[in-house]
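Below is query-v9.pdb, holding PDB, C-alpha atoms and all ligand atoms.
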```
ATOM      1  CA  MET A 988     -22.567  31.510  44.443
ATOM      2  CA  ASN A 989     -24.841  31.472  41.422
ATOM      3  CA  HIS A 990     -25.983  34.971  40.503
ATOM      4  CA  ILE A 991     -28.659  36.007  38.009
ATOM      5  CA  ILE A 992     -26.950  38.160  35.415
ATOM      6  CA  ILE A 993     -28.642  40.358  32.851
ATOM      7  CA  ILE A 994     -26.751  40.822  29.599
ATOM      8  CA  GLY A 995     -27.672  42.592  26.386
ATOM      9  CA  PHE A 996     -26.891  45.502  24.084
ATOM     10  CA  LYS A 997     -26.438  49.060  25.283
ATOM     11  CA  SER A 998     -29.751  50.773  26.118
ATOM     12  CA  VAL A 999     -31.832  47.586  26.015
ATOM     13  CA  GLY A1000     -32.979  48.200  29.608
ATOM     14  CA  LYS A1001     -30.684  45.902  31.620
ATOM     15  CA  SER A1002     -30.676  48.126  34.712
ATOM     16  CA  SER A1003     -34.419  48.756  34.896
ATOM     17  CA  VAL A1004     -35.302  45.121  34.219
ATOM     18  CA  GLY A1005     -32.563  44.012  36.647
ATOM     19  CA  GLN A1006     -33.943  46.168  39.437
ATOM     20  CA  ALA A1007     -37.517  45.046  38.825
ATOM     21  CA  LEU A1008     -36.456  41.388  38.607
ATOM     22  CA  ALA A1009     -34.483  41.668  41.859
ATOM     23  CA  GLY A1010     -37.592  43.101  43.501
ATOM     24  CA  ALA A1011     -39.763  40.265  42.158
ATOM     25  CA  LEU A1012     -37.318  37.587  43.340
ATOM     26  CA  GLY A1013     -36.524  39.286  46.654
ATOM     27  CA  LEU A1014     -32.801  39.469  45.837
ATOM     28  CA  PRO A1015     -30.360  42.382  46.086
ATOM     29  CA  TYR A1016     -29.688  44.311  42.865
ATOM     30  CA  LEU A1017     -26.215  45.250  41.693
ATOM     31  CA  ASP A1018     -25.233  47.458  38.759
ATOM     32  CA  PHE A1019     -21.912  46.467  37.183
ATOM     33  CA  ASP A1020     -21.317  49.942  35.723
ATOM     34  CA  ARG A1021     -21.635  51.580  39.168
ATOM     35  CA  LYS A1022     -19.137  49.048  40.593
ATOM     36  CA  LEU A1023     -16.767  49.793  37.729
ATOM     37  CA  GLU A1024     -17.014  53.536  38.366
ATOM     38  CA  ALA A1025     -16.371  52.977  42.091
ATOM     39  CA  PHE A1026     -13.352  50.783  41.344
ATOM     40  CA  TYR A1027     -11.964  53.401  38.955
ATOM     41  CA  ALA A1028     -12.466  56.144  41.557
ATOM     42  CA  GLU A1029     -10.784  54.063  44.293
ATOM     43  CA  ASN A1030      -7.765  53.380  42.132
ATOM     44  CA  THR A1031      -7.315  56.694  40.337
ATOM     45  CA  GLY A1032      -9.136  59.224  42.499
ATOM     46  CA  GLY A1033     -11.120  60.244  39.393
ATOM     47  CA  THR A1034     -14.906  60.311  39.496
ATOM     48  CA  LEU A1035     -15.983  59.552  35.959
ATOM     49  CA  SER A1036     -19.029  57.833  34.487
ATOM     50  CA  VAL A1037     -18.477  54.625  32.482
ATOM     51  CA  SER A1038     -18.946  56.485  29.192
ATOM     52  CA  ASP A1039     -16.383  59.099  30.255
ATOM     53  CA  ILE A1040     -13.874  56.434  31.343
ATOM     54  CA  LEU A1041     -14.338  54.771  27.952
ATOM     55  CA  ARG A1042     -14.060  58.070  26.070
ATOM     56  CA  THR A1043     -11.043  59.462  27.940
ATOM     57  CA  GLN A1044      -9.057  56.256  28.583
ATOM     58  CA  GLY A1045      -9.858  54.353  25.384
ATOM     59  CA  GLU A1046     -11.480  50.968  24.826
ATOM     60  CA  PRO A1047      -8.527  48.599  25.551
ATOM     61  CA  TYR A1048      -8.087  50.208  28.995
ATOM     62  CA  PHE A1049     -11.839  50.038  29.616
ATOM     63  CA  ARG A1050     -12.029  46.331  28.728
ATOM     64  CA  LEU A1051      -9.135  45.579  31.113
ATOM     65  CA  LEU A1052     -10.934  47.469  33.830
ATOM     66  CA  GLU A1053     -14.064  45.380  33.231
ATOM     67  CA  THR A1054     -12.017  42.192  33.495
ATOM     68  CA  ALA A1055     -10.571  43.389  36.813
ATOM     69  CA  VAL A1056     -13.966  44.324  38.241
ATOM     70  CA  LEU A1057     -15.999  41.296  37.080
ATOM     71  CA  PRO A1058     -14.464  38.673  39.443
ATOM     72  CA  ARG A1059     -14.870  41.115  42.342
ATOM     73  CA  VAL A1060     -18.542  41.609  41.563
ATOM     74  CA  LEU A1061     -19.154  37.884  41.063
ATOM     75  CA  SER A1062     -17.506  36.977  44.370
ATOM     76  CA  GLN A1063     -20.368  38.794  46.105
ATOM     77  CA  GLU A1064     -21.483  36.629  49.035
ATOM     78  CA  SER A1065     -25.236  37.056  48.732
ATOM     79  CA  ARG A1066     -27.037  35.886  45.620
ATOM     80  CA  SER A1067     -27.836  38.954  43.533
ATOM     81  CA  VAL A1068     -29.346  40.117  40.271
ATOM     82  CA  ILE A1069     -26.533  41.857  38.390
ATOM     83  CA  ALA A1070     -26.963  44.062  35.315
ATOM     84  CA  LEU A1071     -23.767  43.882  33.252
ATOM     85  CA  GLY A1072     -22.163  46.321  30.823
ATOM     86  CA  GLY A1073     -23.080  45.724  27.166
ATOM     87  CA  GLY A1074     -19.518  44.794  26.136
ATOM     88  CA  THR A1075     -18.494  42.960  29.324
ATOM     89  CA  PRO A1076     -19.462  39.460  28.105
ATOM     90  CA  CYS A1077     -17.411  39.849  24.910
ATOM     91  CA  THR A1078     -14.014  39.083  26.463
ATOM     92  CA  PRO A1079     -13.201  35.322  26.586
ATOM     93  CA  VAL A1080     -11.948  35.420  30.228
ATOM     94  CA  ASN A1081     -15.168  37.123  31.250
ATOM     95  CA  GLN A1082     -17.218  34.556  29.337
ATOM     96  CA  LYS A1083     -15.560  31.772  31.276
ATOM     97  CA  LEU A1084     -16.572  33.381  34.571
ATOM     98  CA  LEU A1085     -20.091  34.149  33.397
ATOM     99  CA  ARG A1086     -20.805  30.563  32.360
ATOM    100  CA  GLU A1087     -20.986  29.658  36.052
ATOM    101  CA  HIS A1088     -24.093  31.811  36.520
ATOM    102  CA  THR A1089     -27.671  32.085  35.311
ATOM    103  CA  ILE A1090     -27.638  34.420  32.337
ATOM    104  CA  ILE A1091     -30.675  36.346  31.137
ATOM    105  CA  TYR A1092     -30.168  37.822  27.670
ATOM    106  CA  LEU A1093     -32.395  40.821  27.199
ATOM    107  CA  SER A1094     -32.901  41.550  23.507
ATOM    108  CA  ASP A1095     -34.773  44.058  21.376
ATOM    109  CA  LYS A1096     -35.043  45.028  17.711
ATOM    110  CA  PRO A1097     -31.789  46.535  16.391
ATOM    111  CA  ASP A1098     -33.607  49.524  14.830
ATOM    112  CA  VAL A1099     -35.223  50.412  18.138
ATOM    113  CA  LEU A1100     -31.915  50.158  19.979
ATOM    114  CA  PHE A1101     -30.056  52.194  17.380
ATOM    115  CA  GLU A1102     -32.605  55.025  17.665
ATOM    116  CA  ARG A1103     -32.444  54.945  21.460
ATOM    117  CA  ILE A1104     -28.648  54.972  21.521
ATOM    118  CA  MET A1105     -28.380  57.788  18.998
ATOM    119  CA  ALA A1106     -30.782  59.941  21.019
ATOM    120  CA  ALA A1107     -27.949  60.246  23.577
ATOM    121  CA  GLY A1108     -25.229  60.820  20.946
ATOM    122  CA  VAL A1109     -22.725  58.479  19.238
ATOM    123  CA  PRO A1110     -21.119  56.271  21.949
ATOM    124  CA  ALA A1111     -17.318  56.184  22.287
ATOM    125  CA  PHE A1112     -17.118  52.460  21.433
ATOM    126  CA  PHE A1113     -18.578  52.912  17.937
ATOM    127  CA  PRO A1114     -15.852  52.661  15.258
ATOM    128  CA  LYS A1115     -14.685  56.135  14.217
ATOM    129  CA  ASP A1116     -14.122  55.180  10.553
ATOM    130  CA  LYS A1117     -17.747  54.203   9.871
ATOM    131  CA  THR A1118     -21.142  55.843   9.861
ATOM    132  CA  PRO A1119     -22.919  55.352  13.205
ATOM    133  CA  ARG A1120     -25.360  52.895  11.615
ATOM    134  CA  ALA A1121     -22.604  50.817   9.963
ATOM    135  CA  GLY A1122     -20.666  50.852  13.258
ATOM    136  CA  PHE A1123     -23.744  49.808  15.205
ATOM    137  CA  ASP A1124     -24.487  46.970  12.766
ATOM    138  CA  GLU A1125     -20.932  45.661  13.027
ATOM    139  CA  ILE A1126     -21.003  45.622  16.852
ATOM    140  CA  TRP A1127     -24.531  44.230  16.874
ATOM    141  CA  GLN A1128     -23.407  41.324  14.684
ATOM    142  CA  ALA A1129     -20.393  40.560  16.864
ATOM    143  CA  ARG A1130     -22.195  40.853  20.190
ATOM    144  CA  THR A1131     -25.497  39.092  19.593
ATOM    145  CA  GLY A1132     -23.692  35.803  18.844
ATOM    146  CA  VAL A1133     -21.865  36.070  22.178
ATOM    147  CA  TYR A1134     -25.023  36.963  24.088
ATOM    148  CA  GLU A1135     -26.906  34.050  22.546
ATOM    149  CA  SER A1136     -24.146  31.572  23.318
ATOM    150  CA  LEU A1137     -24.098  32.601  26.992
ATOM    151  CA  ALA A1138     -27.850  32.880  27.555
ATOM    152  CA  THR A1139     -29.672  30.568  29.909
ATOM    153  CA  ILE A1140     -32.878  32.428  29.049
ATOM    154  CA  THR A1141     -33.448  34.918  26.211
ATOM    155  CA  VAL A1142     -36.258  37.393  26.551
ATOM    156  CA  GLY A1143     -37.378  40.322  24.383
ATOM    157  CA  ASN A1144     -37.747  43.640  26.166
ATOM    158  CA  SER A1145     -40.032  45.338  23.674
ATOM    159  CA  VAL A1146     -42.908  45.238  26.179
ATOM    160  CA  PRO A1147     -43.429  47.077  29.494
ATOM    161  CA  ILE A1148     -40.796  46.151  32.098
ATOM    162  CA  ALA A1149     -43.326  44.404  34.362
ATOM    163  CA  LYS A1150     -44.241  42.074  31.458
ATOM    164  CA  THR A1151     -40.576  41.309  30.750
ATOM    165  CA  VAL A1152     -40.001  40.461  34.407
ATOM    166  CA  GLU A1153     -43.111  38.273  34.419
ATOM    167  CA  ARG A1154     -41.757  36.420  31.370
ATOM    168  CA  ILE A1155     -38.345  35.877  32.976
ATOM    169  CA  VAL A1156     -39.858  34.614  36.229
ATOM    170  CA  GLY A1157     -42.266  32.366  34.286
ATOM    171  CA  GLU A1158     -39.543  30.942  32.049
ATOM    172  CA  ARG A1159     -37.288  30.333  35.048
ATOM    173  CA  SER A1160     -39.911  28.385  36.956
ATOM    174  CA  LYS A1161     -40.889  26.444  33.822
ATOM    175  CA  ARG A1162     -37.252  25.388  33.405
ATOM    176  CA  GLN A1163     -37.027  24.547  37.079
ATOM    177  CA  ARG A1164     -39.962  22.205  36.615
ATOM    178  CA  SER A1165     -39.042  20.669  33.273
ATOM    179  CA  THR A1166     -35.254  20.328  32.997
ATOM    180  CA  LEU A1167     -33.072  17.453  34.132
ATOM    181  CA  LEU A1168     -29.281  17.534  34.309
ATOM    182  CA  LEU A1169     -27.106  14.613  33.192
ATOM    183  CA  MET A1170     -23.501  14.699  34.396
ATOM    184  CA  HIS A1171     -20.517  12.473  33.799
ATOM    185  CA  GLY A1172     -17.238  12.443  35.673
ATOM    186  CA  PRO A1173     -13.673  11.572  34.634
ATOM    187  CA  ASN A1174     -12.811   9.179  31.801
ATOM    188  CA  LEU A1175     -16.423   8.789  30.759
ATOM    189  CA  ASN A1176     -15.700  10.973  27.710
ATOM    190  CA  ARG A1177     -13.898   7.849  26.457
ATOM    191  CA  LEU A1178     -16.913   5.558  26.562
ATOM    192  CA  GLY A1179     -16.970   3.291  23.515
ATOM    193  CA  LYS A1180     -13.185   2.937  23.784
ATOM    194  CA  ARG A1181     -13.166   1.767  27.414
ATOM    195  CA  ASP A1182     -13.700  -1.839  28.550
ATOM    196  CA  GLN A1183     -16.948  -2.711  26.761
ATOM    197  CA  GLU A1184     -17.641  -5.695  29.015
ATOM    198  CA  LEU A1185     -17.929  -3.279  31.931
ATOM    199  CA  TYR A1186     -19.140  -0.071  30.338
ATOM    200  CA  GLY A1187     -21.001  -1.077  27.160
ATOM    201  CA  THR A1188     -20.454  -0.040  23.557
ATOM    202  CA  LEU A1189     -22.083   3.391  23.342
ATOM    203  CA  THR A1190     -20.012   6.553  23.100
ATOM    204  CA  LEU A1191     -20.834   9.375  25.506
ATOM    205  CA  PRO A1192     -22.677  11.486  22.872
ATOM    206  CA  GLU A1193     -24.748   8.411  21.952
ATOM    207  CA  LEU A1194     -25.562   7.724  25.591
ATOM    208  CA  GLU A1195     -26.485  11.375  26.165
ATOM    209  CA  ALA A1196     -28.718  11.419  23.063
ATOM    210  CA  LYS A1197     -30.481   8.232  24.142
ATOM    211  CA  THR A1198     -31.070   9.597  27.643
ATOM    212  CA  ALA A1199     -32.321  12.899  26.205
ATOM    213  CA  GLU A1200     -34.846  10.912  24.135
ATOM    214  CA  GLU A1201     -36.024   9.091  27.238
ATOM    215  CA  ALA A1202     -36.272  12.376  29.169
ATOM    216  CA  LYS A1203     -38.282  13.927  26.312
ATOM    217  CA  ARG A1204     -40.644  10.942  26.384
ATOM    218  CA  LEU A1205     -41.162  11.654  30.079
ATOM    219  CA  GLY A1206     -41.772  15.354  29.361
ATOM    220  CA  TYR A1207     -38.386  16.809  30.336
ATOM    221  CA  ASP A1208     -35.508  18.574  28.616
ATOM    222  CA  LEU A1209     -32.039  17.254  29.372
ATOM    223  CA  ILE A1210     -28.873  19.342  29.715
ATOM    224  CA  THR A1211     -25.649  17.331  29.655
ATOM    225  CA  PHE A1212     -22.099  17.857  30.853
ATOM    226  CA  GLN A1213     -18.878  15.859  31.267
ATOM    227  CA  SER A1214     -15.634  16.841  32.923
ATOM    228  CA  ASN A1215     -12.414  15.138  33.933
ATOM    229  CA  HIS A1216     -12.037  17.696  36.719
ATOM    230  CA  GLU A1217     -13.699  17.697  40.111
ATOM    231  CA  GLY A1218     -13.880  21.519  40.241
ATOM    232  CA  GLY A1219     -15.375  21.636  36.733
ATOM    233  CA  LEU A1220     -18.186  19.318  37.809
ATOM    234  CA  ILE A1221     -18.833  21.343  40.964
ATOM    235  CA  ASP A1222     -18.854  24.658  39.091
ATOM    236  CA  TRP A1223     -21.310  23.216  36.606
ATOM    237  CA  ILE A1224     -23.635  21.908  39.325
ATOM    238  CA  GLN A1225     -23.565  25.286  41.059
ATOM    239  CA  ALA A1226     -24.356  27.097  37.823
ATOM    240  CA  HIS A1227     -27.110  24.806  36.551
ATOM    241  CA  ALA A1228     -28.978  23.497  39.607
ATOM    242  CA  GLU A1229     -30.925  26.743  39.764
ATOM    243  CA  MET A1230     -32.620  25.887  36.446
ATOM    244  CA  ALA A1231     -33.355  22.207  36.990
ATOM    245  CA  ALA A1232     -35.744  19.781  38.646
ATOM    246  CA  GLY A1233     -33.306  16.926  39.222
ATOM    247  CA  ILE A1234     -29.917  15.393  38.440
ATOM    248  CA  ILE A1235     -28.687  12.123  36.957
ATOM    249  CA  ILE A1236     -25.010  11.631  37.697
ATOM    250  CA  ASN A1237     -22.351   9.074  36.903
ATOM    251  CA  PRO A1238     -19.416  10.526  38.830
ATOM    252  CA  GLY A1239     -16.893   7.970  37.457
ATOM    253  CA  ALA A1240     -14.050   7.341  39.909
ATOM    254  CA  TYR A1241     -15.020  10.445  41.930
ATOM    255  CA  THR A1242     -17.834   8.213  43.213
ATOM    256  CA  HIS A1243     -15.398   6.611  45.581
ATOM    257  CA  TYR A1244     -13.748   9.615  47.195
ATOM    258  CA  SER A1245     -15.170  13.025  46.241
ATOM    259  CA  TYR A1246     -16.764  14.449  49.356
ATOM    260  CA  ALA A1247     -16.727  17.801  47.545
ATOM    261  CA  LEU A1248     -19.015  16.438  44.824
ATOM    262  CA  HIS A1249     -21.256  14.927  47.509
ATOM    263  CA  ASP A1250     -21.519  18.340  49.194
ATOM    264  CA  ALA A1251     -22.204  20.133  45.895
ATOM    265  CA  LEU A1252     -25.123  17.760  45.234
ATOM    266  CA  VAL A1253     -26.509  18.193  48.756
ATOM    267  CA  ASP A1254     -26.325  21.977  48.435
ATOM    268  CA  THR A1255     -28.552  21.950  45.338
ATOM    269  CA  HIS A1256     -31.472  20.520  47.373
ATOM    270  CA  LEU A1257     -32.413  18.680  44.165
ATOM    271  CA  PRO A1258     -33.145  14.962  43.910
ATOM    272  CA  ALA A1259     -30.240  13.132  42.263
ATOM    273  CA  VAL A1260     -29.922   9.588  40.920
ATOM    274  CA  GLU A1261     -26.471   7.977  40.816
ATOM    275  CA  VAL A1262     -25.849   5.671  37.851
ATOM    276  CA  HIS A1263     -23.012   3.282  37.075
ATOM    277  CA  LEU A1264     -22.663   1.301  33.910
ATOM    278  CA  SER A1265     -20.799  -1.478  35.713
ATOM    279  CA  LYS A1266     -21.823  -3.314  38.859
ATOM    280  CA  ILE A1267     -19.538  -1.537  41.310
ATOM    281  CA  GLU A1268     -20.641  -3.712  44.239
ATOM    282  CA  ASP A1269     -19.064  -6.773  42.543
ATOM    283  CA  ARG A1270     -15.758  -5.063  41.752
ATOM    284  CA  GLU A1271     -12.616  -4.103  43.752
ATOM    285  CA  PRO A1272     -13.306  -3.311  47.438
ATOM    286  CA  TRP A1273     -12.426   0.387  47.001
ATOM    287  CA  ARG A1274     -14.889   0.633  44.109
ATOM    288  CA  GLN A1275     -17.742  -0.786  46.133
ATOM    289  CA  VAL A1276     -17.851   2.350  48.262
ATOM    290  CA  SER A1277     -19.837   5.372  47.041
ATOM    291  CA  VAL A1278     -19.434   8.597  49.005
ATOM    292  CA  ILE A1279     -21.959  10.130  46.576
ATOM    293  CA  ALA A1280     -24.806   7.734  47.423
ATOM    294  CA  PRO A1281     -25.918   9.554  50.618
ATOM    295  CA  ALA A1282     -26.614  12.653  48.468
ATOM    296  CA  CYS A1283     -28.820  10.657  46.061
ATOM    297  CA  ILE A1284     -32.331   9.269  46.196
ATOM    298  CA  GLU A1285     -31.359   6.123  44.260
ATOM    299  CA  GLN A1286     -28.338   4.223  42.980
ATOM    300  CA  ILE A1287     -28.549   2.198  39.763
ATOM    301  CA  MET A1288     -25.668  -0.033  38.683
ATOM    302  CA  GLY A1289     -24.625  -2.828  36.372
ATOM    303  CA  LYS A1290     -27.239  -2.267  33.667
ATOM    304  CA  LYS A1291     -24.939  -0.509  31.205
ATOM    305  CA  GLU A1292     -26.818   2.114  29.133
ATOM    306  CA  ALA A1293     -30.230   0.755  30.178
ATOM    307  CA  GLY A1294     -29.449   2.143  33.650
ATOM    308  CA  TYR A1295     -29.816   5.692  32.313
ATOM    309  CA  ALA A1296     -33.378   5.258  31.056
ATOM    310  CA  GLU A1297     -34.196   3.702  34.406
ATOM    311  CA  ALA A1298     -32.533   6.619  36.229
ATOM    312  CA  ALA A1299     -34.615   9.143  34.250
ATOM    313  CA  GLN A1300     -37.782   7.175  35.012
ATOM    314  CA  ARG A1301     -36.994   6.912  38.745
ATOM    315  CA  LEU A1302     -36.164  10.599  38.961
ATOM    316  CA  VAL A1303     -39.385  11.598  37.202
ATOM    317  CA  ASP A1304     -41.424   9.202  39.402
ATOM    318  CA  TYR A1305     -39.874  10.857  42.438
ATOM    319  CA  LEU A1306     -40.656  14.341  41.082
ATOM    320  CA  GLN A1307     -44.281  13.356  40.420
ATOM    321  CA  ARG A1308     -44.607  11.817  43.873
ATOM    322  CA  THR A1309     -43.207  14.859  45.643
ATOM    323  CA  LYS A1310     -44.826  17.533  43.466
ATOM    324  CA  VAL A1311     -46.252  20.444  45.464
TER     325      VAL A1311
HETATM  326  C1  LIG A1401     -18.234   3.865  36.713
HETATM  327  C2  LIG A1401     -17.581   3.045  37.824
HETATM  328  C3  LIG A1401     -16.396   3.767  38.416
HETATM  329  O1  LIG A1401     -15.801   2.970  39.436
HETATM  330  C4  LIG A1401     -15.357   4.007  37.344
HETATM  331  O2  LIG A1401     -14.279   4.727  37.881
HETATM  332  C5  LIG A1401     -15.914   4.667  36.144
HETATM  333  C6  LIG A1401     -17.237   4.264  35.657
HETATM  334  C7  LIG A1401     -19.360   3.088  36.010
HETATM  335  O3  LIG A1401     -20.125   3.700  35.298
HETATM  336  O4  LIG A1401     -19.439   1.875  36.138
HETATM  337  O5  LIG A1401     -15.256   5.472  35.508
HETATM  338  O6  LIG A1401     -18.808   4.993  37.303
END
```
When written as structure tokens, how does the structure in this file appear?
Ligand code: DQA
Amino acid sequence: MNHIIIIGFKSVGKSSVGQALAGALGLPYLDFDRKLEAFYAENTGGTLSVSDILRTQGEPYFRLLETAVLPRVLSQESRSVIALGGGTPCTPVNQKLLREHTIIYLSDKPDVLFERIMAAGVPAFFPKDKTPRAGFDEIWQARTGVYESLATITVGNSVPIAKTVERIVGERSKRQRSTLLLMHGPNLNRLGKRDQELYGTLTLPELEAKTAEEAKRLGYDLITFQSNHEGGLIDWIQAHAEMAAGIIINPGAYTHYSYALHDALVDTHLPAVEVHLSKIEDREPWRQVSVIAPACIEQIMGKKEAGYAEAAQRLVDYLQRTKV
């Protein structure tokens, strides 16, 4: 399940924007801090706020608690808007989980945030050996890089909440209209070194760059991904379909037997074009079968890299034809 997750520095307004965004999108709202407090209470019998858990139990304990609670929150059955804790995305295991979701990074000017935070007193996670401002700056530096690297959409929250929500909703639907996904399955990371008679001479980065150029020419952004793992491809589809208009996929050998990949494509409800560099219908009998084809609007094969430009064109033609 792909959730919409709000991340950002302490006091930036994650909860209020999260609630308003959930209302605008008609989705349930979930506050990570409240879940963490409930989990702590269930397991210790203590009813403490997140800041008190952090202050009394120390930061290492608190971060472990976050890592225990995050997978529970993300396994929520119904798609939700979730406001996260400010430090939750900073742990690598948490980052891995978060990358499977749509991430909204809510930002604001550091001076404004510092003032707002200090109005409620120095937080327990500020370093004790520094002035509050130096401590804030250090954490700000460390965290903003993480937030930026995770963000699907970044939006400033220095305007009224309703405006911020409007911007998020607008940006999301713009992306949904103007982004294509390009995915490659196993062994295709080795293009350029594989049989060039069958698969051409371009490396995967070259092929992706060329297809991105073609997509740009057609008015679309292209997001690319390759994995040698079936689950990795499925996770990526689940995480990114929400922000895209269509998919171009060369599933590699998964073409011939991955019903799971077929189902993942069907579940996106997005048009997909299947591409093969080689002409699979003239190759071994097992390779002539595509279990992916029924989930796609078109299949292009045997044209080496030229097949990708054609795939982008066909996908865009389809999107224009079916535009509402
Ligand atoms: C391929 C064809 C598949 O059968 C093969 O396993 C690949 C590449 C192609 O592009 O021709 O890895 O998808």
Once the PyMOL selection byres (((chain A and resi 1186-1196) around 8) and not hetatm) has been evaluated on this model, what residues remain selected, and can you format them as a PyMOL selection string? chain A and resi 1169+1175-1185+1197-1200+1211+1264-1265+1291-1292
Selected residues written out, C-alpha atoms, as a PDB file, keeping the file's coordinate frame:
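Okay, result.pdb is ready:
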```pdb
ATOM      1  CA  LEU A1169     -27.106  14.613  33.192  1.00  0.00           C
ATOM      2  CA  LEU A1175     -16.423   8.789  30.759  1.00  0.00           C
ATOM      3  CA  ASN A1176     -15.700  10.973  27.710  1.00  0.00           C
ATOM      4  CA  ARG A1177     -13.898   7.849  26.457  1.00  0.00           C
ATOM      5  CA  LEU A1178     -16.913   5.558  26.562  1.00  0.00           C
ATOM      6  CA  GLY A1179     -16.970   3.291  23.515  1.00  0.00           C
ATOM      7  CA  LYS A1180     -13.185   2.937  23.784  1.00  0.00           C
ATOM      8  CA  ARG A1181     -13.166   1.767  27.414  1.00  0.00           C
ATOM      9  CA  ASP A1182     -13.700  -1.839  28.550  1.00  0.00           C
ATOM     10  CA  GLN A1183     -16.948  -2.711  26.761  1.00  0.00           C
ATOM     11  CA  GLU A1184     -17.641  -5.695  29.015  1.00  0.00           C
ATOM     12  CA  LEU A1185     -17.929  -3.279  31.931  1.00  0.00           C
ATOM     13  CA  LYS A1197     -30.481   8.232  24.142  1.00  0.00           C
ATOM     14  CA  THR A1198     -31.070   9.597  27.643  1.00  0.00           C
ATOM     15  CA  ALA A1199     -32.321  12.899  26.205  1.00  0.00           C
ATOM     16  CA  GLU A1200     -34.846  10.912  24.135  1.00  0.00           C
ATOM     17  CA  THR A1211     -25.649  17.331  29.655  1.00  0.00           C
ATOM     18  CA  LEU A1264     -22.663   1.301  33.910  1.00  0.00           C
ATOM     19  CA  SER A1265     -20.799  -1.478  35.713  1.00  0.00           C
ATOM     20  CA  LYS A1291     -24.939  -0.509  31.205  1.00  0.00           C
ATOM     21  CA  GLU A1292     -26.818   2.114  29.133  1.00  0.00           C
TER      22      GLU A1292
END
```
Tell me, as a compact mmCIF listing (two decimals) with C-alpha atoms, keeping the file's coordinate frame, which residues lie within 10 Å of segment 1025-1032 of chain A, counting only C-alpha atoms; anything in the same chain fewer than 2 positions away does not count.
```txt
# COMPACT_ATOMS: atom_id res chain seq x y z
CA PHE A 1019 -21.91 46.47 37.18
CA ASP A 1020 -21.32 49.94 35.72
CA ARG A 1021 -21.64 51.58 39.17
CA LYS A 1022 -19.14 49.05 40.59
CA LEU A 1023 -16.77 49.79 37.73
CA THR A 1034 -14.91 60.31 39.50
CA LEU A 1035 -15.98 59.55 35.96
CA SER A 1036 -19.03 57.83 34.49
CA VAL A 1037 -18.48 54.62 32.48
CA ILE A 1040 -13.87 56.43 31.34
CA PHE A 1049 -11.84 50.04 29.62
CA LEU A 1052 -10.93 47.47 33.83
CA GLU A 1053 -14.06 45.38 33.23
CA ALA A 1055 -10.57 43.39 36.81
CA VAL A 1056 -13.97 44.32 38.24
CA ARG A 1059 -14.87 41.12 42.34
```
Contact check, chain A to ligand LIG 1401 (chain A), at most 8 Å, counting only C-alpha atoms and all ligand atoms, closest pairs as JSON lines:
```
{"residue": "A:Gly1172", "atom": "CA", "partner": "A:LIG1401", "partner_atom": "O5", "distance": 7.2}
{"residue": "A:Pro1173", "atom": "CA", "partner": "A:LIG1401", "partner_atom": "O5", "distance": 6.4}
{"residue": "A:Asn1174", "atom": "CA", "partner": "A:LIG1401", "partner_atom": "O5", "distance": 5.8}
{"residue": "A:Leu1175", "atom": "CA", "partner": "A:LIG1401", "partner_atom": "O5", "distance": 5.9}
{"residue": "A:Leu1185", "atom": "CA", "partner": "A:LIG1401", "partner_atom": "O4", "distance": 6.8}
{"residue": "A:Tyr1186", "atom": "CA", "partner": "A:LIG1401", "partner_atom": "O4", "distance": 6.1}
{"residue": "A:Asn1237", "atom": "CA", "partner": "A:LIG1401", "partner_atom": "O6", "distance": 5.4}
{"residue": "A:Pro1238", "atom": "CA", "partner": "A:LIG1401", "partner_atom": "O6", "distance": 5.8}
{"residue": "A:Gly1239", "atom": "CA", "partner": "A:LIG1401", "partner_atom": "O6", "distance": 3.5}
{"residue": "A:Ala1240", "atom": "CA", "partner": "A:LIG1401", "partner_atom": "O2", "distance": 3.3}
{"residue": "A:Tyr1241", "atom": "CA", "partner": "A:LIG1401", "partner_atom": "O2", "distance": 7.0}
{"residue": "A:Thr1242", "atom": "CA", "partner": "A:LIG1401", "partner_atom": "C3", "distance": 6.7}
{"residue": "A:His1243", "atom": "CA", "partner": "A:LIG1401", "partner_atom": "O1", "distance": 7.2}
{"residue": "A:Val1262", "atom": "CA", "partner": "A:LIG1401", "partner_atom": "O3", "distance": 6.6}
{"residue": "A:His1263", "atom": "CA", "partner": "A:LIG1401", "partner_atom": "O3", "distance": 3.4}
{"residue": "A:Leu1264", "atom": "CA", "partner": "A:LIG1401", "partner_atom": "O3", "distance": 3.8}
{"residue": "A:Ser1265", "atom": "CA", "partner": "A:LIG1401", "partner_atom": "O4", "distance": 3.6}
{"residue": "A:Lys1266", "atom": "CA", "partner": "A:LIG1401", "partner_atom": "O4", "distance": 6.3}
{"residue": "A:Ile1267", "atom": "CA", "partner": "A:LIG1401", "partner_atom": "C2", "distance": 6.1}
{"residue": "A:Arg1274", "atom": "CA", "partner": "A:LIG1401", "partner_atom": "O1", "distance": 5.3}
{"residue": "A:Gln1275", "atom": "CA", "partner": "A:LIG1401", "partner_atom": "O1", "distance": 7.9}
{"residue": "A:Met1288", "atom": "CA", "partner": "A:LIG1401", "partner_atom": "O4", "distance": 7.0}
{"residue": "A:Gly1289", "atom": "CA", "partner": "A:LIG1401", "partner_atom": "O4", "distance": 7.0}
{"residue": "A:Lys1291", "atom": "CA", "partner": "A:LIG1401", "partner_atom": "O3", "distance": 7.6}
```
Å distance separating atom CA of Arg1042 of chain A from atom CA of Ala1111 of chain A, one decimal place: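 Atom CA of Ala1111 of chain A lies 5.3 Å from atom CA of Arg1042 of chain A.
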Report as a list in words all protein, DNA and RNA residues lying within 12 Å of Asp1222 of chain A, evaluated on only C-alpha atoms, omitting residues in the same chain fewer than 4 positions from it. Met988, Asn989, Lys1083, Leu1084, Leu1085, Arg1086, Glu1087, His1088, Met1170, Phe1212, Gln1213, Ser1214, His1216, Glu1217, Gly1218, Ala1226, His1227, Ala1228, Ala1247, Leu1248, Ala1251, Leu1252 and Thr1255 of chain A
